[in-house]
Each structure stands twice: as structure tokens, then as C-alpha cells.
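Reviewing the structure listed below.
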Amino acid sequence: MATVNDRAPGPAGLNDDIGEQKRLEMYRTQVVIREAEQRAYDLFLQNLVKGTSHLSLGQEAVAAGFAGAMQTGDLSFCTYRGHAHTLARGVSVEKVLGELMQRDNGLMRGKGGSMHLTSAEHGVMGSYAIIGAHLPIACGAAWRAQYKGTKDVATCFFGDGTTNIGAFHEALNFAAIWKLPVVFVCENNLYMEYTPIGDVTAVPHPAADRASAYGLERIIVDGNDADAVYRTAQAAYAKARAGDGPSLIECLTYRHSGHSRADPAKYRPEGELDRWKLRDPIKIYKERLLQFGVPEKTITDIDTDVRKIVDDATEACKAAPNPPAEIITTDVYADGGWAWRN
Ligand SMILES: Cc1ncc(C[n+]2csc(CCOP(=O)(O)OP(=O)(O)O)c2C)c(N)n1
Ligand SMILES: [Mg+2]
């Protein structure tokens with residue numbers, strides 16, 4: 001499997017192994033995430049999104065590249081920063097925004113909010129706010145696939161800070177020993193909340209530098225380049241489906257906004273955000289499409305279409321009611337009801 005050892009590698013070159021259709025799909029996915037998340041932020045400023053939320057602005061290529069390489073039946077496990085991966089698996093913008101706005105048209109009928117996006121139908125197996133908690137859960141899903149021989153692969157997305165949690169190491173060891181079809185994806189955005197990852201980690205690459213401890217290859221990829229992410233994901237999925245076990249992939253990326261919506265991210269050194277914005281994943285990908293001869297109009301048509309989808313979704317959510325009182329506690333408890341509480 002190819003490894004990219006540069007923190008800011010250049011474009012992947014004119015290797016047309018991916019094809020125009022897949023590239024357009026991955027471009028669209030990134031634009032959907034960008035537009036939907038920017039809208040979520042605007043709606044927050046209008047006091048229409050309650051509770052906290054964590055945006056992936058700047059990290060779109062990771063979601064697009066992995067989802068682009070997934071097959072139906074593959075499972076995604078997300079953190080609280082999960083809007084991007086949920087949208088990338090095909091959940092509609094309306095369902096995601098409706099959920100953030102606590103409306104009845106939301107993905108969980110407005111009962112979960114930003115940090116609980118789940119859609120088994122789309123293979124989105126939940127968003128987990130407890131750091132590292134979902135790595136062993138993804139192992140469980142992979143173990144099921146292995147036992148049943150389904151060839152489905154579980155992908156678990158998490159941040160750089162998560163690599164310092166015990167569950168990370170337990171899950172990696174378990175997955176390696178049992179050769180589970182699971183792909184662990186560390187989105188190294190350089191910060192765990194307000195702390196630079198380098199200040200609290202013994203190795204420069206928090207995920208990749210630990211891979212050898214579990215007998216795994218050291219894989220680092222440019223997480224702002226959807227093509228590089230896609231190729232790396234494809235290789236990991238082929239390995240998992242062949243019964244050759246897990247992969248641990250460190251994607252180098254950067255979040256453009258603060259940790260959560262309340263964070264102005266003042267702790268970042270001056271100029272750091274600007275430097276990363278030069279390598280904005282959507283900008284990189286637009287240039288890539290043009291390099292491959294995609295007409296500019298095809299690209300702007302996608303932009304216009306996505307903006308309309310996000311505008312229409314916003315209006316639909318604003319018009320949607322809150323969930324009715326009788327369903328507020330339904331589907332919240334294990335038996336689907338709430339009678340046991342009385
Ligand atoms: C077990 C646990 N400890 C602490 C927290 C508080 N917390 C929320 S987000 C976060 C930082 C995680 O950083 P990282 O894994 O890099 O993910 P990112 O937010 O950058 O995507 C922390 C410590 C938590 N949610 N769970
Ligand atoms: Mg982080």
C-alpha cells in the first residue's frame with residue numbers, strides 16, 4: 001500500500017485510475033458537506049440550532065474519499081464530528097439539518113441532535129461522543145461480518161487525540177489478533193479540543209507511529225486530497241475483504257473552524273489557518289477536475305445544484321414542526337417504549 005510521508009504532499013498527478021464519474025461523485029460529496037455545514041453554522045447564529053455541534057469544514061476529503069470507496073453493506077462509525085460522514089453515506093441534507101434543528105423531519109426525529117446522527121439504512125452506525133468508545137464497537141461489527149462471511153467492512157473515524165485513549169490500543173490489538181475487517185481512520189487535524197496533539201503525544205504521528213505495535217503498516221495520507229484518500233481506502237478495503245485484517249490510516253488534515261461552535265480557536269498560531277486554506281480540499285479537487293479536462297460548467301452546475309438542495313432543505317426544516325410529544329420518548333429506550341419507567 002502506498003504511503004505518503006510528507007505533511008503537505010502535492011497533487012496525486014495525472015493518474016486516471018479513478019475515472020471521471022467517481023471524481024465528480026467525490027467532488028459533489030465534498031461540496032454537499034461544505035455547504036450543509038456552513039449552513040448549520042448560519043442557522044446556529046440565528047439560534048435555530050440548539051445544543052453544541054462540531055463541524056468538519058476543511059476535512060471534507062476524508063469523508064468523500066472513504067465513502068467513495070465503500071460498498072453497500074459497509075458500516076461507518078463516527079464521532080460527535082459526524083455530519084460529514086453521515087452526509088457522505090447518502091443521508092439527505094434535510095434529514096441532517098432537521099436533526100440539528102430538533103425538527104420532526106430530522107434523522108432521529110429531532111430527538112438526538114448533532115452528536116447522535118445514526119442511519120442503519122445507510123450504514124451509518126452512530127455518532128459517539130465518548131472519545132474512543134466506538135473503536136471496540138466497530139470491532140464488534142467487523143467480527144459479526146467475519147463470522148457471517150458477509151465481506152462487509154467497518155470503518156471507524158476518530159481524531160488524533162483519540163490515539164491517547166486506552167480503547168484505541170485495546171481495539172487495535174484485538175482487531176489485529178482476530179484479523180478483523182475493520183479500517184481505523186485517524187483524522188489528524190493537529191488539535192484535540194484546544195491542545196496541539198504534538199504537546200501531549202510521544203510520537204510525531206499519533207496513529208501511524210503506533211501501527212507497528214500492532215503489526216500493522218505505517219500509513220499516512222494527505223487527508224485534503226480526496227483522490228489520495230480514495231486510493232488508500234480502496235487498498236484497505238481490498239485487504240479487509242480478502243481476510244487479511246485491519247488497517248490503521250492517518251489522514252493529515254485541518255479543521256477550518258473551532259473545535260465546537262462555541263470555540264473561536266484563538267489558540268492557533270497566526271497564519272496556520274491561512275496556510276491550510278491554501279490547501280483547501282475543495283479548491284484542490286476543483287483544480288484536479290479541471291486538470292482532467294472536466295468543463296468548468298460541469299463543476300459550477302454541481303455547486304449551483306448543491307446550493308439549491310441546501311436552500312430547499314433549510315426552508316423545509318424551518319417549516320417543519322418539532323416532534324410531537326407522544327414520540328419524544330419513543331425509540332429512545334431498548335424496548336422502543338417508555339412504559340417501564342412508570
Ligand atoms: C473519554 C472522553 N474524554 C474526554 C472527552 C472530552 N473531549 C471531547 S472532544 C475531545 C478532543 C478529541 O480530539 P480528537 O480525537 O483529536 O478529535 P477532533 O475533535 O479533533 O475531531 C475531548 C478530549 C470525551 N468526550 N470523552
Ligand atoms: Mg483532533
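As shown in the C-alpha cells, the chain order sets the letters A, B, ...; within each chain, residues go from 1, and ligands are also counted from 1 in the order they appear.
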
**Message:** Among stretch 262-293 of chain A, which ones does DSSP assign to helix (DSSP H, G or I) (computed from the backbone)? Answer as an MDAnalysis selection string.
**Reply:** chainID A and resid 272:277 281:291

Saved selection, atoms kept: N, CA and C atoms, as a tab-separated table (two decimals), in the first residue's frame:
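Output contents, as saved in out.tsv:
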chain	number	residue	atom	x	y	z
A	272	GLU	N	-1.51	29.92	10.59
A	272	GLU	CA	-1.67	28.47	10.39
A	272	GLU	C	-2.91	28.15	9.56
A	273	LEU	N	-4.03	28.78	9.92
A	273	LEU	CA	-5.28	28.55	9.18
A	273	LEU	C	-5.13	28.98	7.72
A	274	ASP	N	-4.51	30.14	7.51
A	274	ASP	CA	-4.34	30.64	6.13
A	274	ASP	C	-3.52	29.67	5.29
A	275	ARG	N	-2.47	29.12	5.91
A	275	ARG	CA	-1.62	28.17	5.17
A	275	ARG	C	-2.41	26.93	4.78
A	276	TRP	N	-3.23	26.45	5.70
A	276	TRP	CA	-4.04	25.26	5.39
A	276	TRP	C	-5.13	25.57	4.37
A	277	LYS	N	-5.62	26.80	4.42
A	277	LYS	CA	-6.68	27.16	3.45
A	277	LYS	C	-6.15	27.16	2.02
A	281	PRO	N	-9.39	21.36	0.64
A	281	PRO	CA	-9.67	20.15	-0.15
A	281	PRO	C	-10.57	20.40	-1.37
A	282	ILE	N	-11.49	21.34	-1.25
A	282	ILE	CA	-12.41	21.58	-2.38
A	282	ILE	C	-11.68	22.34	-3.49
A	283	LYS	N	-10.84	23.27	-3.08
A	283	LYS	CA	-10.02	24.00	-4.05
A	283	LYS	C	-9.09	23.02	-4.79
A	284	ILE	N	-8.44	22.15	-4.03
A	284	ILE	CA	-7.55	21.15	-4.64
A	284	ILE	C	-8.32	20.30	-5.65
A	285	TYR	N	-9.52	19.91	-5.26
A	285	TYR	CA	-10.26	18.97	-6.11
A	285	TYR	C	-10.83	19.63	-7.36
A	286	LYS	N	-11.22	20.90	-7.20
A	286	LYS	CA	-11.70	21.65	-8.38
A	286	LYS	C	-10.57	21.72	-9.41
A	287	GLU	N	-9.37	22.05	-8.92
A	287	GLU	CA	-8.21	22.12	-9.83
A	287	GLU	C	-7.93	20.76	-10.46
A	288	ARG	N	-8.10	19.71	-9.69
A	288	ARG	CA	-7.87	18.35	-10.21
A	288	ARG	C	-8.84	18.05	-11.34
A	289	LEU	N	-10.11	18.38	-11.13
A	289	LEU	CA	-11.13	18.12	-12.17
A	289	LEU	C	-10.78	18.87	-13.46
A	290	LEU	N	-10.39	20.13	-13.30
A	290	LEU	CA	-10.03	20.94	-14.48
A	290	LEU	C	-8.81	20.32	-15.18
A	291	GLN	N	-7.85	19.87	-14.38
A	291	GLN	CA	-6.66	19.21	-14.95
A	291	GLN	C	-7.05	18.01	-15.81

**10 Å contact set for A:Gly112, only C-alpha atoms, chain neighbours under 6 positions out, as an MDAnalysis selection string** = chainID A and resid 99:100 102 106 118 332

**Prompt:** With distances taken over only C-alpha atoms and all ligand atoms, which of A:Ser212, A:Ser76, A:Thr314, A:Thr253 is nearest to ligand 2?
**Reply:**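 Residue with the minimum atom-to-atom distance to ligand 2: A:Thr253.
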
**Prompt:** Any idea what's packed within 10 Å of A:Ala211, counting only C-alpha atoms, ignoring anything in its chain fewer than 3 positions away? Could you give it as a VMD selection string?
**Reply:** chain A and resid 169 172 to 173 205 to 208 214 to 219 247 to 250

**Long-range neighbours of stretch 152-168 of chain A as a PyMOL selection string, 8 Å cut-off, only C-alpha atoms, 3 positions minimum in chain** = chain A and resi 71+73-79+131-136+138-139+141-142+145+171-172+181-192+197+201+206-207+237+240-241

**Message:** Set the distance at 9 Å and use only C-alpha atoms: which residues neighbour A:Ala233 once local chain neighbours fewer than 3 positions away are removed? I'd like the list as a ChimeraX atom specification.
**Reply:** /A:65-70,183,228-230,236-238,249

**Message:** Would you compute the distance between atom CA of A:Arg81 and atom CA of A:Asp222? Give it in Å to one decimal.
**Reply:**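 Atom-to-atom, atom CA of A:Arg81 to atom CA of A:Asp222, that is 19.3 Å.
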
**Request:** Skip A:Asp312 itself and residues of its chain fewer than 4 positions away, then list as a PyMOL selection string all residues within 12 Å of it, counting only C-alpha atoms.
**Result:** chain A and resi 36+39+92-95+97-98+305-308+316-319

Take the residues that were just selected and, keeping N, CA and C atoms, output them as a CSV table (one decimal), in the first residue's frame.
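The result, stored in again03.csv:
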chain,number,residue,atom,x,y,z
A,36,ALA,N,-23.6,22.3,3.5
A,36,ALA,CA,-24.5,21.9,4.6
A,36,ALA,C,-23.9,22.4,6.0
A,39,ARG,N,-24.1,26.1,6.3
A,39,ARG,CA,-25.5,26.5,6.6
A,39,ARG,C,-25.8,26.2,8.1
A,92,SER,N,-29.8,12.5,3.6
A,92,SER,CA,-30.1,13.8,2.9
A,92,SER,C,-29.7,15.0,3.8
A,93,VAL,N,-29.5,16.1,3.2
A,93,VAL,CA,-29.1,17.4,3.9
A,93,VAL,C,-30.3,17.8,4.8
A,94,GLU,N,-31.5,17.6,4.3
A,94,GLU,CA,-32.7,17.9,5.1
A,94,GLU,C,-32.8,17.1,6.4
A,95,LYS,N,-32.5,15.8,6.3
A,95,LYS,CA,-32.5,15.0,7.5
A,95,LYS,C,-31.5,15.4,8.5
A,97,LEU,N,-29.9,18.6,8.7
A,97,LEU,CA,-30.2,19.9,9.2
A,97,LEU,C,-31.5,19.8,10.1
A,98,GLY,N,-32.5,19.0,9.7
A,98,GLY,CA,-33.7,18.9,10.5
A,98,GLY,C,-33.3,18.3,11.9
A,305,ASP,N,-26.4,23.3,-8.0
A,305,ASP,CA,-27.4,22.3,-7.6
A,305,ASP,C,-27.3,22.0,-6.1
A,306,VAL,N,-26.1,21.9,-5.6
A,306,VAL,CA,-26.0,21.6,-4.2
A,306,VAL,C,-26.5,22.8,-3.3
A,307,ARG,N,-26.2,24.0,-3.8
A,307,ARG,CA,-26.7,25.2,-3.0
A,307,ARG,C,-28.2,25.2,-3.0
A,308,LYS,N,-28.8,24.8,-4.1
A,308,LYS,CA,-30.3,24.8,-4.1
A,308,LYS,C,-30.8,23.7,-3.1
A,316,ALA,N,-37.4,23.7,4.3
A,316,ALA,CA,-38.2,22.6,4.7
A,316,ALA,C,-38.1,22.4,6.2
A,317,CYS,N,-36.8,22.6,6.7
A,317,CYS,CA,-36.6,22.4,8.2
A,317,CYS,C,-37.2,23.6,9.0
A,318,LYS,N,-37.1,24.8,8.5
A,318,LYS,CA,-37.7,25.9,9.2
A,318,LYS,C,-39.2,25.7,9.3
A,319,ALA,N,-39.8,25.1,8.2
A,319,ALA,CA,-41.3,25.0,8.2
A,319,ALA,C,-41.7,23.7,9.0

**Message:** Would you compute the distance between atom CA of A:His83 and atom CA of A:Val96? Give it in Å to one decimal.
**Reply:**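 Atom-to-atom, atom CA of A:His83 and atom CA of A:Val96 are spaced 7.2 Å apart.
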
**Request:** Have a look at A:Trp143, A:His116, A:Arg109, A:Gln234 and name the one nearest to A:Thr329; count only C-alpha atoms.
**Result:** A:Arg109

**Message:** Which residues are near A:His259? Cut-off 8 Å, only C-alpha atoms, ignore same chain within fewer than 6 positions. Put them as a list of chain:residue names.
**Reply:** A:His54, A:Leu55, A:Met192, A:Glu193, A:Tyr194, A:Ala265

**Prompt:** So, counting only C-alpha atoms and all ligand atoms, which residue among A:Gly110, A:Gly126, A:Gly258, A:Gly149 is closest to ligand 1?
**Reply:**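 Among the listed residues, A:Gly258 lies closest to ligand 1.
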